[in-house]
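Working notes for the structure below.
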Amino acid sequence: MWVSASHENGLVLPAVPEDINGTRRVVLFGPPGIGKSTAAGVLGRRLELPVVRLAPRPQDARVPYAGLLELALALRPLPAARELATGLDEAAGRPASPDVAGPALRLRRQTAALLRDAPPMTLVVDNAQWLDADSAAVLGWALRLAPDLPVIAAERTWRPGAAGHWCGEDAYAVRVPPLTCPQVATLLSSHGLAHREVTRVHAGSGGNPALALALAQVRGHTAAVPVTEDAGVDPVLPPPARQLVGAWLDTVSAEVQDLLTLAALDDRPGLDLLCRLAGPAAENLLAEAEAAGLVDLQQPGGTVRFTASAIAGELVARQPGHARRLLHARLAGASRDGVRRDRHSVLAADDSEPLAGHHAAGAAVRARLRGEHALAAELSLLAAQRTPHDAGDLFTERALTAVRDAARCGDLPRSRAAARLVLGHDTTAAQRIDALIALIDASGQHLHGADELFADALHAAAGRSDLTAQILIRQSIWANVKEGDPERACALADRAADLAEAAGDTTTTVMALTMQARVRRILGHPDAATTLSRALSLPRTAHLPVNATPQHLAARHALFDDRPEETRTGLLPLLVEAERTGDAEATVDILRGLAEAELRAGRCARALDHADRAQALTDAAALSPAPACYTSALAEGAARRTDLALAHARRGVDTARQEDNKVFLSRNLFALGHLLLAAGRPKEALQALKEVRALEELQRVRDPSVLRWHPEFAETLVALGRLSQAQGLLDDTRRTAAALGRDTVLPPLERVQALLDAACGDYDTAARRLTDAADRLHHLPLERGRTLLALSHTERRGRRRAGARAAAHSAADLFTAHEALPWARTAARTLARLQDTPAGTTDPRLTSAEQRCAELAAAGASNRDIATALTVSVKTVEATLTRVYRKLGLNSRIQLAHTFTQARE
């Protein structure tokens, strides 16, 4: 079992095995910079023995017995170490002769004696790939006579399942895994990078910590995306990164590097293409590259994927222009895909080739039609760059097409490069506005110099009401999300709607009315529904982004009103459209909406699937992580693991703070508070939820159905004994809900009111409230389950154990049926405490704390989940489980789960 990367003295440590189950020989392998040495150190400390470390260097590999000499020097206080050193001196001074068996046997005997006489220790051999062959042979023989000596070897390449390793034929081989994107964010926290830049660094490094640090030295470095110089992006890595990638590439042969260079020049290199280029040797060459961790061959459609895009960038950068064109010509000749053949032909041609732009434009159209939008964006930009500037409208149209294509798939570098072509050319106001709007839309939360950009756009649109309206809509979105000022956003949307309607621009009118309806709902404006109905009544055009349509907003409002099935029905066709057009941001928005709808309907597995897809697309397209993190936190916390859910929420909070995104700062703080409350940590939940209330008040959000923080905050106050504050919040929220006709928010408020009644000793009233609220929540299974859990606690406090057991049993069945695993575990614990005999008791020597910890571990909870549930540290959980294993005579969690299952039966 593995644990995720941890932190020590401010450093991110790579994942290491949680339990080696008695294995005394471990080989950690992976590419340069992946963290093998650090992982070996962590594992060595975990064994709690003194560490003797050998660290051979490249020059040592050619010196016979250099490794043995280093071992003798490390243990030189021992007589056996001095004897070994003397033997090595004699072997070095002995002239070469055919009879070498005598000295070799003597060295083996002396090394075995040294390992036998040494005090308890862990032998760590770092950079074991440079251990000389003679030392490896002697050590391998001696270690067989010392089977209890722990040995950890760290080296660059070694295939599990290969012939036995020198440290032991049964050595446990472990490939050190790369860091995840959140772990890279932690690693780079002191570098002041924006989250979008962190995402690009993660893609460029493939999670290799040393490479990530090298890439981060150049803030906002764009070489993490392996594109050609035609994209307007410098592909050259910073020197430290080039050195590290070079060392990584040097672990494979020159033939492998040549083949990988061809793969790097293709946007989606396939095994069949590379086999046509390299012949029968291609498969063996790629297997060598995969063993070195350079590529991943297990991809859909037989595609070769570089594990770190900086590898591809370095391979491309090594090729001078003429050599690169020749390689593209080879690829064009071997490609059987017409679009990619045209791409390579364009890149193989000289910049002055008159037909290159025409071929690139045609290929972009075909790529767009078959849904390959990233390829279409690259080809569109190539078409614009290869079109003569004196071609007039043709050049401008191709550049605008490139801006739109890149914006649609979230490729900000290409969008900016194409926008520069338009803005630097003699264009009309409409064309300039078109480029600026596409750039604004592509930039999302990463729009720098927004005020100047909007001012420039409004100046260019002067006298054109339709163009001015388009700019005002973007300003409205910016005011709502970044400035947290929905009133200003509403005023801007109102003005945009009037201008667009006067100009007869239906598309812009629909977009403005939709934005009006969005912010009016937030502000509790009585005309919000009427405004949305007006937008829905107008004909929809193909130019409107899917997530800016009134249909999308209507589905969101249905979710606010607790109609998840209506939300799902409305969003599914929009998802198909967003994926067809390649609009990454719209696809993420719709997947998030589907995840929240499925969660509200109690379909936790589906919700988690949608949330995972949204998160993956967010990271792939380098979108702001804050929206996807919010949805992932809710879905993960309901369906799978609390610790991962908290990590998503905290990442979302950090991102939103950095980007000054007030909307999703509120949402991620709400998710954080909700999860902490569910985990039984109300003091921490209070801090998050207090900030949510402050942000919502600052933004003048009036509608309590948009973000349901009110019952969570009130329940937190009750848990902390602040009863009068909780009552005041409940009364205020009820009045607002009644004024706006938001009856759907009342049942959760009734649940908290019942908890407040119970806290005041009125258990009968509390039970009646909870029973009534549960009856009103049949269409929202998770909310119903929470209400039944509250009923169980209330009945128990009222000394009605039978009623408490019945409610807890119903809650447990409900959560289990809907695959809400964290809630199901909570309900199971509640039910176990209500049994006449504690469920799962297996030995009277277990303390209550040990019993609870063992029950959770037997149920499949991770150490972090247990720590969260019991409000203790992970180290405390590990120590407690060690005591449980010792008391019960067990060795693993599987045995523990089996023991508890038998006890229940």
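By convention in this document, the chains of the structure tokens carry letters A, B, ... by their order, each chain's residues are numbered from 1, and ligands are numbered from 1 in the order they are shown.
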
- Task: Mind the document's chain letters and residue numbers, and return as an MDAnalysis selection string the residues of segment 369-433 of chain A that DSSP labels alpha helix (DSSP H).
- Result: chainID A and resid 369 373:385 393:408 412:423 429:433

How would the residues just picked look written out with N, CA and C atoms as a short mmCIF file (atom, residue, chain, number, x, y, z; two decimals), in the first residue's frame?
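And here is the file that came out, selection-v8.cif:
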```
data_model
loop_
_atom_site.label_atom_id
_atom_site.label_comp_id
_atom_site.auth_asym_id
_atom_site.auth_seq_id
_atom_site.Cartn_x
_atom_site.Cartn_y
_atom_site.Cartn_z
N LEU A 369 -13.95 19.85 -38.09
CA LEU A 369 -15.15 19.06 -38.39
C LEU A 369 -15.14 17.71 -37.70
N HIS A 373 -10.11 19.77 -31.82
CA HIS A 373 -10.07 21.22 -31.71
C HIS A 373 -8.68 21.76 -31.36
N ALA A 374 -7.91 21.01 -30.58
CA ALA A 374 -6.55 21.47 -30.28
C ALA A 374 -5.70 21.48 -31.55
N LEU A 375 -5.85 20.45 -32.37
CA LEU A 375 -5.13 20.41 -33.65
C LEU A 375 -5.62 21.52 -34.57
N ALA A 376 -6.93 21.77 -34.57
CA ALA A 376 -7.47 22.85 -35.40
C ALA A 376 -6.89 24.19 -34.97
N ALA A 377 -6.72 24.41 -33.67
CA ALA A 377 -6.15 25.67 -33.18
C ALA A 377 -4.72 25.85 -33.67
N GLU A 378 -3.93 24.78 -33.63
CA GLU A 378 -2.55 24.87 -34.10
C GLU A 378 -2.51 25.16 -35.60
N LEU A 379 -3.34 24.44 -36.36
CA LEU A 379 -3.34 24.61 -37.81
C LEU A 379 -3.86 25.99 -38.21
N SER A 380 -4.86 26.50 -37.49
CA SER A 380 -5.38 27.84 -37.80
C SER A 380 -4.31 28.89 -37.60
N LEU A 381 -3.56 28.76 -36.51
CA LEU A 381 -2.49 29.73 -36.28
C LEU A 381 -1.40 29.60 -37.34
N LEU A 382 -1.07 28.36 -37.70
CA LEU A 382 -0.09 28.17 -38.78
C LEU A 382 -0.58 28.82 -40.07
N ALA A 383 -1.89 28.67 -40.34
CA ALA A 383 -2.44 29.26 -41.56
C ALA A 383 -2.28 30.78 -41.54
N ALA A 384 -2.57 31.40 -40.41
CA ALA A 384 -2.43 32.85 -40.31
C ALA A 384 -0.98 33.28 -40.43
N GLN A 385 -0.09 32.55 -39.76
CA GLN A 385 1.33 32.92 -39.78
C GLN A 385 1.95 32.71 -41.16
N ASP A 393 -7.93 41.08 -46.20
CA ASP A 393 -8.97 40.43 -45.40
C ASP A 393 -8.70 38.94 -45.18
N LEU A 394 -8.02 38.29 -46.12
CA LEU A 394 -7.73 36.86 -45.95
C LEU A 394 -6.83 36.65 -44.73
N PHE A 395 -5.80 37.48 -44.60
CA PHE A 395 -4.92 37.36 -43.43
C PHE A 395 -5.69 37.61 -42.14
N THR A 396 -6.50 38.66 -42.12
CA THR A 396 -7.25 38.99 -40.91
C THR A 396 -8.24 37.90 -40.55
N GLU A 397 -8.94 37.37 -41.53
CA GLU A 397 -9.93 36.32 -41.26
C GLU A 397 -9.26 35.06 -40.72
N ARG A 398 -8.11 34.71 -41.28
CA ARG A 398 -7.41 33.53 -40.77
C ARG A 398 -6.90 33.75 -39.35
N ALA A 399 -6.43 34.96 -39.07
CA ALA A 399 -5.96 35.25 -37.71
C ALA A 399 -7.12 35.21 -36.72
N LEU A 400 -8.29 35.77 -37.11
CA LEU A 400 -9.46 35.73 -36.23
C LEU A 400 -9.94 34.29 -36.01
N THR A 401 -9.89 33.49 -37.05
CA THR A 401 -10.25 32.08 -36.91
C THR A 401 -9.32 31.39 -35.92
N ALA A 402 -8.05 31.74 -35.97
CA ALA A 402 -7.08 31.15 -35.04
C ALA A 402 -7.37 31.58 -33.61
N VAL A 403 -7.75 32.86 -33.44
CA VAL A 403 -8.10 33.33 -32.09
C VAL A 403 -9.27 32.53 -31.55
N ARG A 404 -10.32 32.37 -32.38
CA ARG A 404 -11.52 31.67 -31.93
C ARG A 404 -11.24 30.20 -31.64
N ASP A 405 -10.48 29.55 -32.53
CA ASP A 405 -10.18 28.13 -32.33
C ASP A 405 -9.40 27.92 -31.03
N ALA A 406 -8.40 28.76 -30.81
CA ALA A 406 -7.59 28.60 -29.59
C ALA A 406 -8.40 28.93 -28.35
N ALA A 407 -9.25 29.96 -28.44
CA ALA A 407 -10.07 30.33 -27.29
C ALA A 407 -11.04 29.21 -26.93
N ARG A 408 -11.59 28.56 -27.95
CA ARG A 408 -12.59 27.52 -27.72
C ARG A 408 -12.02 26.36 -26.92
N LEU A 412 -4.57 29.38 -24.32
CA LEU A 412 -4.32 30.81 -24.16
C LEU A 412 -3.07 31.29 -24.89
N PRO A 413 -1.93 30.57 -24.87
CA PRO A 413 -0.76 31.06 -25.62
C PRO A 413 -1.05 31.26 -27.11
N ARG A 414 -1.71 30.31 -27.75
CA ARG A 414 -2.02 30.47 -29.17
C ARG A 414 -3.07 31.57 -29.38
N SER A 415 -4.03 31.67 -28.46
CA SER A 415 -5.04 32.71 -28.59
C SER A 415 -4.38 34.09 -28.55
N ARG A 416 -3.43 34.26 -27.64
CA ARG A 416 -2.74 35.55 -27.54
C ARG A 416 -1.88 35.80 -28.77
N ALA A 417 -1.21 34.74 -29.25
CA ALA A 417 -0.36 34.92 -30.44
C ALA A 417 -1.20 35.33 -31.64
N ALA A 418 -2.37 34.70 -31.80
CA ALA A 418 -3.24 35.05 -32.93
C ALA A 418 -3.84 36.44 -32.75
N ALA A 419 -4.21 36.79 -31.50
CA ALA A 419 -4.77 38.13 -31.26
C ALA A 419 -3.75 39.21 -31.59
N ARG A 420 -2.47 38.94 -31.28
CA ARG A 420 -1.43 39.93 -31.62
C ARG A 420 -1.35 40.15 -33.12
N LEU A 421 -1.58 39.09 -33.90
CA LEU A 421 -1.56 39.25 -35.36
C LEU A 421 -2.67 40.19 -35.81
N VAL A 422 -3.86 40.05 -35.20
CA VAL A 422 -4.99 40.90 -35.59
C VAL A 422 -4.76 42.33 -35.14
N LEU A 423 -4.40 42.48 -33.86
CA LEU A 423 -4.28 43.83 -33.30
C LEU A 423 -3.10 44.59 -33.89
N ALA A 429 -13.00 47.99 -36.91
CA ALA A 429 -13.39 47.97 -35.49
C ALA A 429 -14.01 46.64 -35.13
N ALA A 430 -14.86 46.11 -36.00
CA ALA A 430 -15.53 44.84 -35.71
C ALA A 430 -14.51 43.71 -35.58
N GLN A 431 -13.51 43.72 -36.46
CA GLN A 431 -12.49 42.66 -36.40
C GLN A 431 -11.64 42.80 -35.13
N ARG A 432 -11.32 44.03 -34.77
CA ARG A 432 -10.53 44.26 -33.56
C ARG A 432 -11.31 43.80 -32.33
N ILE A 433 -12.60 44.17 -32.29
CA ILE A 433 -13.44 43.76 -31.17
C ILE A 433 -13.56 42.25 -31.11
#
```

- Task: Could you tell me how far atom CA of Gly484 of chain A lies from atom CA of Ala497 of chain A, in Å and to one decimal?
- Result: 20.8 Å

If you count only C-alpha atoms, which residues fall within 7 Å of segment 120-134 of chain A, apart from same-chain ones fewer than 4 positions away, as a tab-separated table (two decimals) with C-alpha atoms, in the first residue's frame?
```tsv
chain	number	residue	atom	x	y	z
A	37	SER	CA	17.14	9.54	-2.82
A	44	GLY	CA	15.16	4.31	5.92
A	49	LEU	CA	17.54	1.91	12.43
A	50	PRO	CA	20.80	3.81	11.90
A	51	VAL	CA	21.40	4.36	8.20
A	52	VAL	CA	24.70	3.59	6.47
A	53	ARG	CA	24.62	5.33	3.11
A	54	LEU	CA	26.73	4.57	0.05
A	55	ALA	CA	26.56	7.03	-2.85
A	56	PRO	CA	28.72	5.98	-5.80
A	57	ARG	CA	29.36	8.50	-8.56
A	58	PRO	CA	29.65	7.96	-12.34
A	60	ASP	CA	33.23	5.02	-9.50
A	61	ALA	CA	31.54	2.58	-11.88
A	62	ARG	CA	34.89	2.00	-13.62
A	63	VAL	CA	36.91	1.44	-10.42
A	64	PRO	CA	36.91	-2.16	-9.15
A	65	TYR	CA	35.68	-2.54	-5.56
A	66	ALA	CA	35.07	1.22	-5.11
A	67	GLY	CA	31.73	0.45	-3.48
A	138	VAL	CA	30.65	-9.36	-3.65
A	149	LEU	CA	19.87	-6.78	7.06
A	150	PRO	CA	17.56	-4.13	5.53
A	151	VAL	CA	18.89	-2.84	2.20
A	152	ILE	CA	17.42	-0.01	0.13
A	153	ALA	CA	18.86	0.56	-3.33
A	154	ALA	CA	17.94	3.62	-5.39
A	155	GLU	CA	18.74	3.55	-9.09
A	156	ARG	CA	17.52	4.96	-12.37
```

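Non-sequential neighbours of Glu353 of chain A (distance at most 10 Å, separation of 4 or more positions within a chain, only C-alpha atoms) are A:Val346, A:Ala349, A:Gly357, A:Arg386, A:Thr387.
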
- Message: So that I can check the surroundings of Leu78 of chain A, please list as a ChimeraX atom specification every protein, DNA and RNA residue that reaches within 9 Å of it, counting only C-alpha atoms and ignoring chain neighbours fewer than 5 positions away.
- Response: /A:72,83,114,117-118

- Polymer residues at most 10 Å from segment 690-703 of chain A, only C-alpha atoms, same-chain spacing of 2 or more positions, as a PyMOL selection string: chain A and resi 480-481+483-487+519-525+560+662-663+665-671+673+685-688+705-710+713+733+736-737+739-742

- Which residues come within 8 Å of segment 583-586 of chain A, counting only C-alpha atoms, excluding same-chain residues fewer than 4 positions away, as a VMD selection string? chain A and resid 408 to 410 545 to 547 578 to 579 590 617 to 618 621 623

Grab the residues selected above and save them as a PDB file, in the first residue's frame with C-alpha atoms.
```
ATOM      1  CA  ARG A 408     -12.594  27.524 -27.721  1.00  0.00           C
ATOM      2  CA  CYS A 409     -10.214  24.842 -26.470  1.00  0.00           C
ATOM      3  CA  GLY A 410      -8.607  27.024 -23.783  1.00  0.00           C
ATOM      4  CA  PRO A 545     -21.192  29.652 -25.946  1.00  0.00           C
ATOM      5  CA  VAL A 546     -23.089  26.707 -24.500  1.00  0.00           C
ATOM      6  CA  ASN A 547     -22.523  27.771 -20.881  1.00  0.00           C
ATOM      7  CA  ALA A 578     -20.026  21.499 -25.757  1.00  0.00           C
ATOM      8  CA  GLU A 579     -17.910  18.405 -26.417  1.00  0.00           C
ATOM      9  CA  ILE A 590     -21.813  21.394 -17.673  1.00  0.00           C
ATOM     10  CA  LEU A 617     -10.337  18.448 -18.313  1.00  0.00           C
ATOM     11  CA  THR A 618      -9.637  21.464 -16.102  1.00  0.00           C
ATOM     12  CA  ALA A 621      -6.789  22.682 -20.512  1.00  0.00           C
ATOM     13  CA  LEU A 623      -8.335  26.263 -16.687  1.00  0.00           C
TER      14      LEU A 623
END
```

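Taking atom CA of Ile866 of chain A as the reference point, atom CA of Thr882 of chain A is found at 14.1 Å.
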
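The two atoms in question, atom CA of Ala714 of chain A and atom CA of Glu565 of chain A, are spaced 28.4 Å apart.
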
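Of the listed residues (A:Val201, A:Leu571, A:Ala738, A:Ala528), A:Val201 comes nearest to Gln183 of chain A; the distances count only C-alpha atoms.
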